[in-house]
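With TSV, C-alpha atoms and all ligand atoms inside, this is coords09.tsv:
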```tsv
chain	number	residue	atom	x	y	z
A	14	MET	CA	-4.72	-17.17	-10.07
A	15	THR	CA	-6.26	-15.02	-7.32
A	16	HIS	CA	-5.38	-11.35	-6.90
A	17	THR	CA	-5.95	-9.52	-3.63
A	18	LEU	CA	-7.14	-5.93	-3.45
A	19	ILE	CA	-7.66	-4.06	-0.18
A	20	LEU	CA	-9.73	-0.88	-0.25
A	21	LEU	CA	-9.56	1.59	2.63
A	22	ARG	CA	-11.56	4.79	3.01
A	23	HIS	CA	-9.64	7.47	4.94
A	24	GLY	CA	-10.43	7.97	8.63
A	25	ASN	CA	-12.82	10.61	9.94
A	26	SER	CA	-11.76	14.02	8.64
A	27	GLU	CA	-12.12	17.52	10.08
A	28	TRP	CA	-14.97	18.20	7.70
A	29	ASN	CA	-16.63	14.82	8.26
A	30	GLN	CA	-16.70	15.86	11.91
A	31	LYS	CA	-18.16	19.27	11.06
A	32	ASN	CA	-20.67	17.66	8.67
A	33	LEU	CA	-19.50	19.73	5.67
A	34	PHE	CA	-19.42	18.65	2.01
A	35	THR	CA	-15.72	18.13	1.35
A	36	GLY	CA	-14.94	16.84	-2.15
A	37	TRP	CA	-11.55	18.07	-3.32
A	38	VAL	CA	-10.95	20.39	-0.34
A	39	ASP	CA	-7.78	19.14	1.36
A	40	VAL	CA	-8.71	18.76	5.03
A	41	GLY	CA	-6.82	16.73	7.63
A	42	LEU	CA	-7.82	13.86	9.89
A	43	THR	CA	-9.37	14.29	13.34
A	44	ASP	CA	-8.12	12.39	16.41
A	45	GLN	CA	-10.90	9.92	15.70
A	46	GLY	CA	-9.66	9.59	12.10
A	47	ARG	CA	-6.10	8.90	13.27
A	48	ALA	CA	-7.44	6.28	15.72
A	49	GLU	CA	-9.40	4.65	12.87
A	50	ALA	CA	-6.26	4.60	10.71
A	51	THR	CA	-4.33	2.97	13.58
A	52	ARG	CA	-7.03	0.30	13.92
A	53	ALA	CA	-6.96	-0.23	10.13
A	54	GLY	CA	-3.20	-0.76	10.37
A	55	GLU	CA	-3.72	-3.38	13.09
A	56	MET	CA	-6.25	-5.19	10.90
A	57	ILE	CA	-3.90	-5.08	7.90
A	58	ALA	CA	-1.03	-6.39	10.06
A	59	ALA	CA	-3.18	-9.35	11.16
A	60	PHE	CA	-4.45	-10.08	7.63
A	61	GLU	CA	-3.03	-13.13	5.87
A	62	LYS	CA	-1.84	-11.19	2.82
A	63	GLN	CA	0.34	-8.14	3.30
A	64	PRO	CA	0.13	-5.31	0.77
A	65	ASP	CA	3.04	-4.95	-1.67
A	66	VAL	CA	2.12	-1.53	-3.00
A	67	GLN	CA	-0.14	1.29	-1.89
A	68	TYR	CA	-2.17	3.72	-3.93
A	69	THR	CA	-3.61	7.01	-2.63
A	70	SER	CA	-5.33	10.11	-3.93
A	71	LEU	CA	-3.60	13.51	-3.79
A	72	LEU	CA	-5.58	14.47	-0.68
A	73	LYS	CA	-3.97	14.38	2.74
A	74	ARG	CA	-6.81	12.67	4.58
A	75	ALA	CA	-6.13	9.58	2.42
A	76	ILE	CA	-2.33	10.02	2.46
A	77	HIS	CA	-2.20	10.37	6.26
A	78	THR	CA	-4.55	7.41	6.76
A	79	ALA	CA	-2.30	5.23	4.59
A	80	ASN	CA	0.85	6.48	6.34
A	81	ILE	CA	-0.55	5.77	9.82
A	82	ALA	CA	-1.96	2.36	8.88
A	83	LEU	CA	1.27	1.27	7.19
A	84	GLN	CA	3.38	2.51	10.09
A	85	VAL	CA	1.29	0.42	12.49
A	86	ALA	CA	1.65	-2.58	10.16
A	87	ASP	CA	5.43	-1.98	9.98
A	88	LEU	CA	5.12	-1.42	6.24
A	89	ASP	CA	6.35	2.20	6.05
A	90	TRP	CA	8.67	1.19	3.22
A	91	LEU	CA	5.86	0.22	0.86
A	92	PRO	CA	6.11	1.80	-2.62
A	93	VAL	CA	3.43	4.45	-3.06
A	94	LYS	CA	1.63	5.71	-6.15
A	95	ARG	CA	-0.66	8.73	-5.97
A	96	SER	CA	-3.15	9.97	-8.49
A	97	TRP	CA	-5.78	12.71	-8.73
A	98	ARG	CA	-7.92	10.02	-10.34
A	99	LEU	CA	-8.45	8.49	-6.89
A	100	ASN	CA	-9.56	11.82	-5.37
A	101	GLU	CA	-12.95	12.19	-3.76
A	102	ARG	CA	-15.80	13.19	-6.03
A	103	HIS	CA	-15.62	16.93	-6.71
A	104	TYR	CA	-18.67	18.28	-4.91
A	105	GLY	CA	-18.99	21.46	-7.00
A	106	ALA	CA	-20.67	24.44	-5.34
A	107	LEU	CA	-21.57	22.27	-2.32
A	108	GLN	CA	-17.90	22.10	-1.20
A	109	GLY	CA	-17.68	23.77	2.21
A	110	LYS	CA	-21.46	23.77	2.75
A	111	ASP	CA	-23.06	22.31	5.86
A	112	LYS	CA	-24.93	19.09	5.05
A	113	ALA	CA	-27.74	19.67	7.57
A	114	GLN	CA	-28.27	23.26	6.34
A	115	THR	CA	-28.24	22.09	2.72
A	116	LEU	CA	-30.87	19.49	3.54
A	117	ASP	CA	-33.04	22.14	5.27
A	118	GLU	CA	-32.62	24.63	2.46
A	119	PHE	CA	-33.18	22.36	-0.56
A	120	GLY	CA	-35.22	19.47	0.86
A	121	GLU	CA	-34.57	15.76	1.03
A	122	GLU	CA	-35.09	14.93	-2.65
A	123	LYS	CA	-32.63	17.45	-4.02
A	124	PHE	CA	-30.16	16.76	-1.20
A	125	MET	CA	-30.18	13.02	-1.89
A	126	THR	CA	-30.04	13.56	-5.65
A	127	TRP	CA	-26.88	15.61	-5.22
A	128	ARG	CA	-25.37	13.18	-2.70
A	129	ARG	CA	-26.24	9.82	-4.14
A	130	SER	CA	-27.78	9.94	-7.63
A	131	PHE	CA	-25.64	8.32	-10.31
A	132	ASP	CA	-25.56	11.02	-12.93
A	133	VAL	CA	-26.70	14.36	-11.48
A	134	PRO	CA	-23.74	16.54	-10.46
A	135	PRO	CA	-24.16	19.37	-7.92
A	136	PRO	CA	-24.03	22.95	-9.30
A	137	VAL	CA	-20.67	23.96	-10.78
A	138	LEU	CA	-18.12	25.65	-8.51
A	139	GLY	CA	-16.81	28.93	-9.98
A	140	ASP	CA	-13.05	29.18	-10.60
A	141	ASP	CA	-12.73	32.13	-8.21
A	142	ALA	CA	-14.67	30.50	-5.39
A	143	GLU	CA	-12.91	29.96	-2.06
A	144	TYR	CA	-12.97	26.17	-2.37
A	145	SER	CA	-12.04	25.89	-6.05
A	146	GLN	CA	-8.97	23.77	-6.92
A	147	VAL	CA	-8.25	25.24	-10.37
A	148	HIS	CA	-5.28	27.25	-9.06
A	149	ASP	CA	-3.89	24.46	-6.89
A	150	LYS	CA	-0.29	23.62	-7.84
A	151	ARG	CA	-0.72	19.88	-7.30
A	152	TYR	CA	-3.04	19.65	-10.28
A	153	GLU	CA	-0.77	21.49	-12.72
A	154	GLY	CA	-0.18	19.33	-15.76
A	155	ILE	CA	-2.54	16.51	-14.83
A	156	ASP	CA	-3.64	14.27	-17.66
A	157	GLY	CA	-7.18	15.57	-17.73
A	158	GLU	CA	-9.22	18.61	-16.85
A	159	ILE	CA	-9.71	19.74	-13.25
A	160	PRO	CA	-13.40	19.21	-12.48
A	161	ARG	CA	-15.72	22.00	-11.34
A	162	THR	CA	-18.27	19.43	-10.17
A	163	GLU	CA	-18.77	15.69	-10.60
A	164	SER	CA	-21.51	13.07	-10.48
A	165	LEU	CA	-20.60	9.51	-9.53
A	166	GLU	CA	-20.74	8.70	-13.24
A	167	LEU	CA	-18.04	11.30	-13.93
A	168	VAL	CA	-15.91	9.87	-11.11
A	169	ILE	CA	-16.13	6.46	-12.76
A	170	ASP	CA	-15.11	8.05	-16.07
A	171	ARG	CA	-11.86	9.41	-14.60
A	172	MET	CA	-11.15	6.63	-12.07
A	173	LEU	CA	-11.61	3.50	-14.21
A	174	PRO	CA	-8.89	4.33	-16.77
A	175	TYR	CA	-6.40	4.49	-13.88
A	176	TRP	CA	-7.70	1.21	-12.46
A	177	GLU	CA	-7.08	-0.34	-15.86
A	178	SER	CA	-3.76	1.33	-16.70
A	179	ASP	CA	-2.02	1.09	-13.31
A	180	ILE	CA	-3.75	-0.75	-10.47
A	181	THR	CA	-4.61	-3.90	-12.43
A	182	LYS	CA	-1.01	-4.00	-13.72
A	183	ASP	CA	0.25	-4.39	-10.17
A	184	LEU	CA	-2.41	-7.00	-9.46
A	185	ALA	CA	-1.36	-8.85	-12.62
A	186	ALA	CA	2.21	-8.84	-11.30
A	187	SER	CA	0.96	-10.81	-8.27
A	188	LYS	CA	1.09	-7.81	-5.95
A	189	THR	CA	-1.43	-7.36	-3.18
A	190	VAL	CA	-2.64	-3.81	-3.66
A	191	LEU	CA	-3.86	-1.39	-0.98
A	192	VAL	CA	-5.94	1.54	-2.30
A	193	THR	CA	-6.54	4.26	0.30
A	194	ALA	CA	-9.07	6.71	-1.05
A	195	HIS	CA	-12.49	8.26	-0.45
A	196	GLY	CA	-16.17	7.48	0.07
A	197	ASN	CA	-17.22	8.24	-3.48
A	198	SER	CA	-14.08	7.26	-5.43
A	199	LEU	CA	-14.33	3.88	-3.69
A	200	ARG	CA	-18.08	3.68	-4.38
A	201	ALA	CA	-17.16	4.14	-8.04
A	202	LEU	CA	-14.70	1.24	-7.93
A	203	VAL	CA	-17.05	-1.00	-5.93
A	204	LYS	CA	-19.85	-0.28	-8.43
A	205	HIS	CA	-17.58	-1.51	-11.22
A	206	LEU	CA	-16.32	-4.59	-9.34
A	207	ASP	CA	-19.69	-5.71	-7.99
A	208	GLY	CA	-21.68	-4.78	-11.10
A	209	ILE	CA	-24.06	-2.63	-9.05
A	210	SER	CA	-26.81	-0.90	-11.04
A	211	ASP	CA	-27.03	2.88	-11.40
A	212	ASP	CA	-30.06	2.87	-9.07
A	213	ALA	CA	-28.81	0.45	-6.44
A	214	ILE	CA	-25.50	2.26	-5.95
A	215	ALA	CA	-27.45	5.10	-4.26
A	216	SER	CA	-27.80	3.04	-1.09
A	217	LEU	CA	-24.17	1.89	-0.88
A	218	ASN	CA	-22.10	3.75	1.69
A	219	ILE	CA	-18.47	3.08	2.59
A	220	PRO	CA	-17.47	3.43	6.26
A	221	THR	CA	-14.30	5.28	7.26
A	222	GLY	CA	-11.17	3.37	8.20
A	223	ILE	CA	-12.17	-0.28	7.74
A	224	PRO	CA	-10.28	-2.40	5.17
A	225	LEU	CA	-12.50	-4.02	2.51
A	226	VAL	CA	-10.94	-7.11	0.87
A	227	TYR	CA	-11.56	-8.33	-2.68
A	228	GLU	CA	-10.27	-11.54	-4.15
A	229	LEU	CA	-10.19	-11.15	-7.93
A	230	ASP	CA	-9.82	-13.47	-10.90
A	231	ASP	CA	-7.51	-12.89	-13.87
A	232	ASN	CA	-10.05	-10.47	-15.36
A	233	PHE	CA	-9.86	-8.51	-12.08
A	234	MET	CA	-13.43	-9.32	-11.15
A	235	PRO	CA	-14.47	-10.77	-7.73
A	236	ILE	CA	-14.44	-14.53	-7.29
A	237	LYS	CA	-16.52	-14.18	-4.11
A	238	PRO	CA	-18.22	-11.32	-2.25
A	239	ALA	CA	-15.87	-8.73	-0.82
A	240	TYR	CA	-15.65	-8.57	2.97
A	241	TYR	CA	-14.74	-5.98	5.60
A	242	LEU	CA	-12.06	-7.01	8.09
A	243	ASP	CA	-14.42	-5.74	10.85
A	244	PRO	CA	-17.94	-6.36	9.48
A	245	GLU	CA	-19.83	-5.11	12.56
A	246	ALA	CA	-17.98	-1.81	12.73
A	247	ALA	CA	-18.36	-1.48	8.94
A	248	ALA	CA	-22.16	-1.85	9.11
A	249	ALA	CA	-22.39	0.77	11.88
A	250	GLY	CA	-20.02	3.10	10.01
A	251	ALA	CA	-21.94	2.78	6.72
A	252	ALA	CA	-25.23	3.55	8.52
A	253	ALA	CA	-23.66	6.67	10.03
A	254	VAL	CA	-22.54	7.87	6.57
A	255	ALA	CA	-26.02	7.21	5.15
A	256	SER	CA	-27.68	9.40	7.78
A	257	GLN	CA	-25.33	12.38	7.44
A	258	GLY	CA	-27.18	15.68	7.33
A	259	LYS	CA	-30.19	14.19	9.03
A	260	LYS	CA	-29.13	14.88	12.59
B	301	LIG	O1	-18.34	15.37	1.68
B	301	LIG	C1	-17.80	14.52	0.93
B	301	LIG	O2	-16.86	14.76	0.18
B	301	LIG	C2	-18.34	13.10	0.95
B	301	LIG	C3	-17.47	12.19	1.75
B	301	LIG	O3	-17.20	12.67	3.04
B	301	LIG	O4	-19.61	13.13	1.52
B	301	LIG	P1	-20.87	12.25	1.08
B	301	LIG	O5	-20.82	10.99	1.90
B	301	LIG	O6	-22.03	13.13	1.48
B	301	LIG	O7	-20.84	12.01	-0.38
```
Please express what this file holds, its structure, as structure tokens.
Ligand SMILES: O=C(O)[C@@H](CO)OP(=O)(O)O
Amino acid sequence: MTHTLILLRHGNSEWNQKNLFTGWVDVGLTDQGRAEATRAGEMIAAFEKQPDVQYTSLLKRAIHTANIALQVADLDWLPVKRSWRLNERHYGALQGKDKAQTLDEFGEEKFMTWRRSFDVPPPVLGDDAEYSQVHDKRYEGIDGEIPRTESLELVIDRMLPYWESDITKDLAASKTVLVTAHGNSLRALVKHLDGISDDAIASLNIPTGIPLVYELDDNFMPIKPAYYLDPEAAAAGAAAVASQGKK
């Protein structure tokens, strides 16, 4: 039996637009981001398999993207499950910092190590820092510890248990699942699904607002390569993400 999974990175956010490291900071969508979410909804509406359930992080850029897309697809009623485990990677002390300035200050190697290495987290964010989440009510009582920084490896460590405990259960029940999340939490899931090496994952970038479709076997592994519903726009969007900080 084939199971269908649709991954969607949130649309352009206020801090994507300002070129700031975002992580767990809860910023909204820009007009461009809302337009991308609308287009994603049109693509989902035209897709042969309609989602039966939607998953999001606890961050509003993902929640609003899902809401807009599902409204456009006339699927507002869809059951929703949210988890901190789908949040963006916690960017530690880089949260709120300008990407271009960070690149200038620390140089390309360090900048790219922090952005895209598999297992090197950025410096820890202090609990009293402006962009810390340790006092944020939404994370009270979560089943885990609030991160102060994360590498991609640490994102995989907290995301995969949720994939296994919840998302695959819905897939097993023959539901088409829509996961609306973030650049790095989706890179973590794609790394797992496509068996991408720790080195090769550095060059994988997920564009904003374009649905990525997986068809999975009963072990929840791909039976064929995943595909974007708008491959040309996805390639351009991924290239734009890759070059962030460099303009
Ligand atoms: O700032 C962030 O949280 C992420 C996603 O926008 O950025 P990057 O692509 O640099 O990992």
May I have a table of the residues of chain A lying at most 6 Å from ligand LIG 301 (chain B), giving each one's closest pair of atoms and their distance in Å to one decimal, counting all atoms listed in the file, ordered by chain and ascending residue number, as a Markdown table?
```
| residue | atom | partner | partner_atom | distance |
| --- | --- | --- | --- | --- |
| A:Asn29 | CA | B:LIG301 | O3 | 5.7 |
| A:Phe34 | CA | B:LIG301 | O1 | 3.5 |
| A:Thr35 | CA | B:LIG301 | O2 | 3.7 |
| A:Gly36 | CA | B:LIG301 | O2 | 3.7 |
| A:Arg128 | CA | B:LIG301 | O7 | 5.2 |
| A:Gly196 | CA | B:LIG301 | C3 | 5.2 |
| A:Val254 | CA | B:LIG301 | O5 | 5.9 |
```
Can you tell me, as an MDAnalysis selection string, what residues are no more than 9 Å from Leu116 in chain A when counting only C-alpha atoms, ignoring any on the same chain fewer than 6 positions away?
chainID A and resid 122:125 258:259
Polymer residues at most 9 Å from Lys237 in chain A, only C-alpha atoms, same-chain spacing of 6 or more positions, as number ranges by chain
A: 227-229
Quick one: which range 34-66 of chain A residues come within 8 Å of range 86-99 of chain A, and what is the nearest atom pair for each with the distance in Å to one decimal, counting all atoms listed in the file, rows ordered by chain and ascending number, as a tab-separated table?
```
residue	atom	partner	partner_atom	distance
A:Gly54	CA	A:Ala86	CA	5.2
A:Glu55	CA	A:Ala86	CA	6.2
A:Ile57	CA	A:Ala86	CA	6.5
A:Ala58	CA	A:Ala86	CA	4.7
A:Pro64	CA	A:Leu91	CA	8.0
A:Asp65	CA	A:Leu91	CA	6.4
A:Val66	CA	A:Pro92	CA	5.2
```
Rounded to one decimal place, report the CA of Thr189 in chain A-CA of Thr69 in chain A distance in Å.
14.5 Å
Two-atom distance - CA of Tyr144 in chain A, CA of Leu72 in chain A (Å)
13.9 Å
Could you pull the residues within 10 Å of Arg161 in chain A, counting only C-alpha atoms, minus those fewer than 3 positions along the same chain, as a ChimeraX atom specification?
/A:37,103-106,134-140,145-147,158
Hey, can you spit out that residue selection with C-alpha atoms as a short mmCIF file (atom, residue, chain, number, x, y, z; two decimals), in the coordinates of the input?
```cif
data_model
loop_
_atom_site.label_atom_id
_atom_site.label_comp_id
_atom_site.auth_asym_id
_atom_site.auth_seq_id
_atom_site.Cartn_x
_atom_site.Cartn_y
_atom_site.Cartn_z
CA TRP A 37 -11.55 18.07 -3.32
CA HIS A 103 -15.62 16.93 -6.71
CA TYR A 104 -18.67 18.28 -4.91
CA GLY A 105 -18.99 21.46 -7.00
CA ALA A 106 -20.67 24.44 -5.34
CA PRO A 134 -23.74 16.54 -10.46
CA PRO A 135 -24.16 19.37 -7.92
CA PRO A 136 -24.03 22.95 -9.30
CA VAL A 137 -20.67 23.96 -10.78
CA LEU A 138 -18.12 25.65 -8.51
CA GLY A 139 -16.81 28.93 -9.98
CA ASP A 140 -13.05 29.18 -10.60
CA SER A 145 -12.04 25.89 -6.05
CA GLN A 146 -8.97 23.77 -6.92
CA VAL A 147 -8.25 25.24 -10.37
CA GLU A 158 -9.22 18.61 -16.85
#
```
Minimum-distance residue to Gln30 in chain A, chosen among A:Leu83, A:Ile214, A:Lys112, A:Arg171 (using all atoms listed in the file):
A:Lys112
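Interatomic distance, CA of Asp111 in chain A to CA of Glu27 in chain A: 12.7 Å.
Each of A:Leu225, A:Ala82, A:Leu21, A:Ala215 was compared to Thr126 in chain A using only C-alpha atoms, and A:Ala215 turns out to be the nearest.
Between Ala75 in chain A and the residues A:Glu101, A:Asp212, A:Asp141, A:Asp156, the shortest atom-to-atom distance, using all atoms listed in the file, involves A:Glu101.
Proximity ranking of A:Val226, A:Leu165, A:Ile155, A:Ala113 relative to His16 in chain A places A:Val226 first, based on only C-alpha atoms.
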Counting only C-alpha atoms, the residue of A:Glu143, A:Asp44, A:Ser130, A:Ala79 that sits nearest Ile223 in chain A
A:Ala79
With N, CA and C atoms as the goal, would you fill in the gaps in range 181-203 of chain A and present it as a JSON list (two decimals), in the frame of the given file?
```json
[["chain", "number", "residue", "atom", "x", "y", "z"],
["A", 181, "THR", "N", -4.52, -2.49, -12.00],
["A", 181, "THR", "CA", -4.61, -3.90, -12.43],
["A", 181, "THR", "C", -3.25, -4.44, -12.90],
["A", 182, "LYS", "N", -2.37, -3.54, -13.32],
["A", 182, "LYS", "CA", -1.01, -4.00, -13.72],
["A", 182, "LYS", "C", -0.27, -4.56, -12.51],
["A", 183, "ASP", "N", -0.39, -3.88, -11.39],
["A", 183, "ASP", "CA", 0.25, -4.39, -10.17],
["A", 183, "ASP", "C", -0.40, -5.68, -9.71],
["A", 184, "LEU", "N", -1.73, -5.75, -9.83],
["A", 184, "LEU", "CA", -2.41, -7.00, -9.46],
["A", 184, "LEU", "C", -1.94, -8.14, -10.37],
["A", 185, "ALA", "N", -1.80, -7.82, -11.66],
["A", 185, "ALA", "CA", -1.36, -8.85, -12.62],
["A", 185, "ALA", "C", 0.04, -9.34, -12.29],
["A", 186, "ALA", "N", 0.84, -8.46, -11.68],
["A", 186, "ALA", "CA", 2.21, -8.84, -11.30],
["A", 186, "ALA", "C", 2.24, -9.53, -9.93],
["A", 187, "SER", "N", 1.10, -10.05, -9.53],
["A", 187, "SER", "CA", 0.96, -10.81, -8.27],
["A", 187, "SER", "C", 1.16, -9.96, -7.02],
["A", 188, "LYS", "N", 0.95, -8.66, -7.14],
["A", 188, "LYS", "CA", 1.09, -7.81, -5.95],
["A", 188, "LYS", "C", -0.26, -7.68, -5.25],
["A", 189, "THR", "N", -0.24, -7.71, -3.94],
["A", 189, "THR", "CA", -1.43, -7.36, -3.18],
["A", 189, "THR", "C", -1.45, -5.84, -3.09],
["A", 190, "VAL", "N", -2.57, -5.27, -3.50],
["A", 190, "VAL", "CA", -2.64, -3.81, -3.66],
["A", 190, "VAL", "C", -3.55, -3.21, -2.59],
["A", 191, "LEU", "N", -3.05, -2.17, -1.92],
["A", 191, "LEU", "CA", -3.86, -1.39, -0.98],
["A", 191, "LEU", "C", -4.20, -0.06, -1.63],
["A", 192, "VAL", "N", -5.50, 0.24, -1.75],
["A", 192, "VAL", "CA", -5.94, 1.54, -2.30],
["A", 192, "VAL", "C", -6.60, 2.32, -1.17],
["A", 193, "THR", "N", -5.97, 3.42, -0.76],
["A", 193, "THR", "CA", -6.54, 4.26, 0.30],
["A", 193, "THR", "C", -7.12, 5.51, -0.36],
["A", 194, "ALA", "N", -8.43, 5.62, -0.31],
["A", 194, "ALA", "CA", -9.07, 6.71, -1.05],
["A", 194, "ALA", "C", -10.30, 7.22, -0.29],
["A", 195, "HIS", "N", -11.39, 7.44, -0.99],
["A", 195, "HIS", "CA", -12.49, 8.26, -0.45],
["A", 195, "HIS", "C", -13.85, 7.57, -0.63],
["A", 196, "GLY", "N", -14.83, 8.08, 0.10],
["A", 196, "GLY", "CA", -16.17, 7.48, 0.07],
["A", 196, "GLY", "C", -16.67, 7.28, -1.35],
["A", 197, "ASN", "N", -16.60, 8.34, -2.16],
["A", 197, "ASN", "CA", -17.22, 8.24, -3.48],
["A", 197, "ASN", "C", -16.27, 7.69, -4.55],
["A", 198, "SER", "N", -14.96, 7.91, -4.43],
["A", 198, "SER", "CA", -14.08, 7.26, -5.43],
["A", 198, "SER", "C", -14.08, 5.75, -5.20],
["A", 199, "LEU", "N", -14.24, 5.33, -3.94],
["A", 199, "LEU", "CA", -14.33, 3.88, -3.69],
["A", 199, "LEU", "C", -15.69, 3.33, -4.08],
["A", 200, "ARG", "N", -16.77, 4.14, -3.90],
["A", 200, "ARG", "CA", -18.08, 3.68, -4.38],
["A", 200, "ARG", "C", -18.02, 3.44, -5.90],
["A", 201, "ALA", "N", -17.29, 4.29, -6.58],
["A", 201, "ALA", "CA", -17.16, 4.14, -8.04],
["A", 201, "ALA", "C", -16.48, 2.82, -8.38],
["A", 202, "LEU", "N", -15.42, 2.49, -7.65],
["A", 202, "LEU", "CA", -14.70, 1.24, -7.93],
["A", 202, "LEU", "C", -15.54, 0.02, -7.53],
["A", 203, "VAL", "N", -16.20, 0.11, -6.39],
["A", 203, "VAL", "CA", -17.05, -1.00, -5.93],
["A", 203, "VAL", "C", -18.20, -1.22, -6.91]]
```
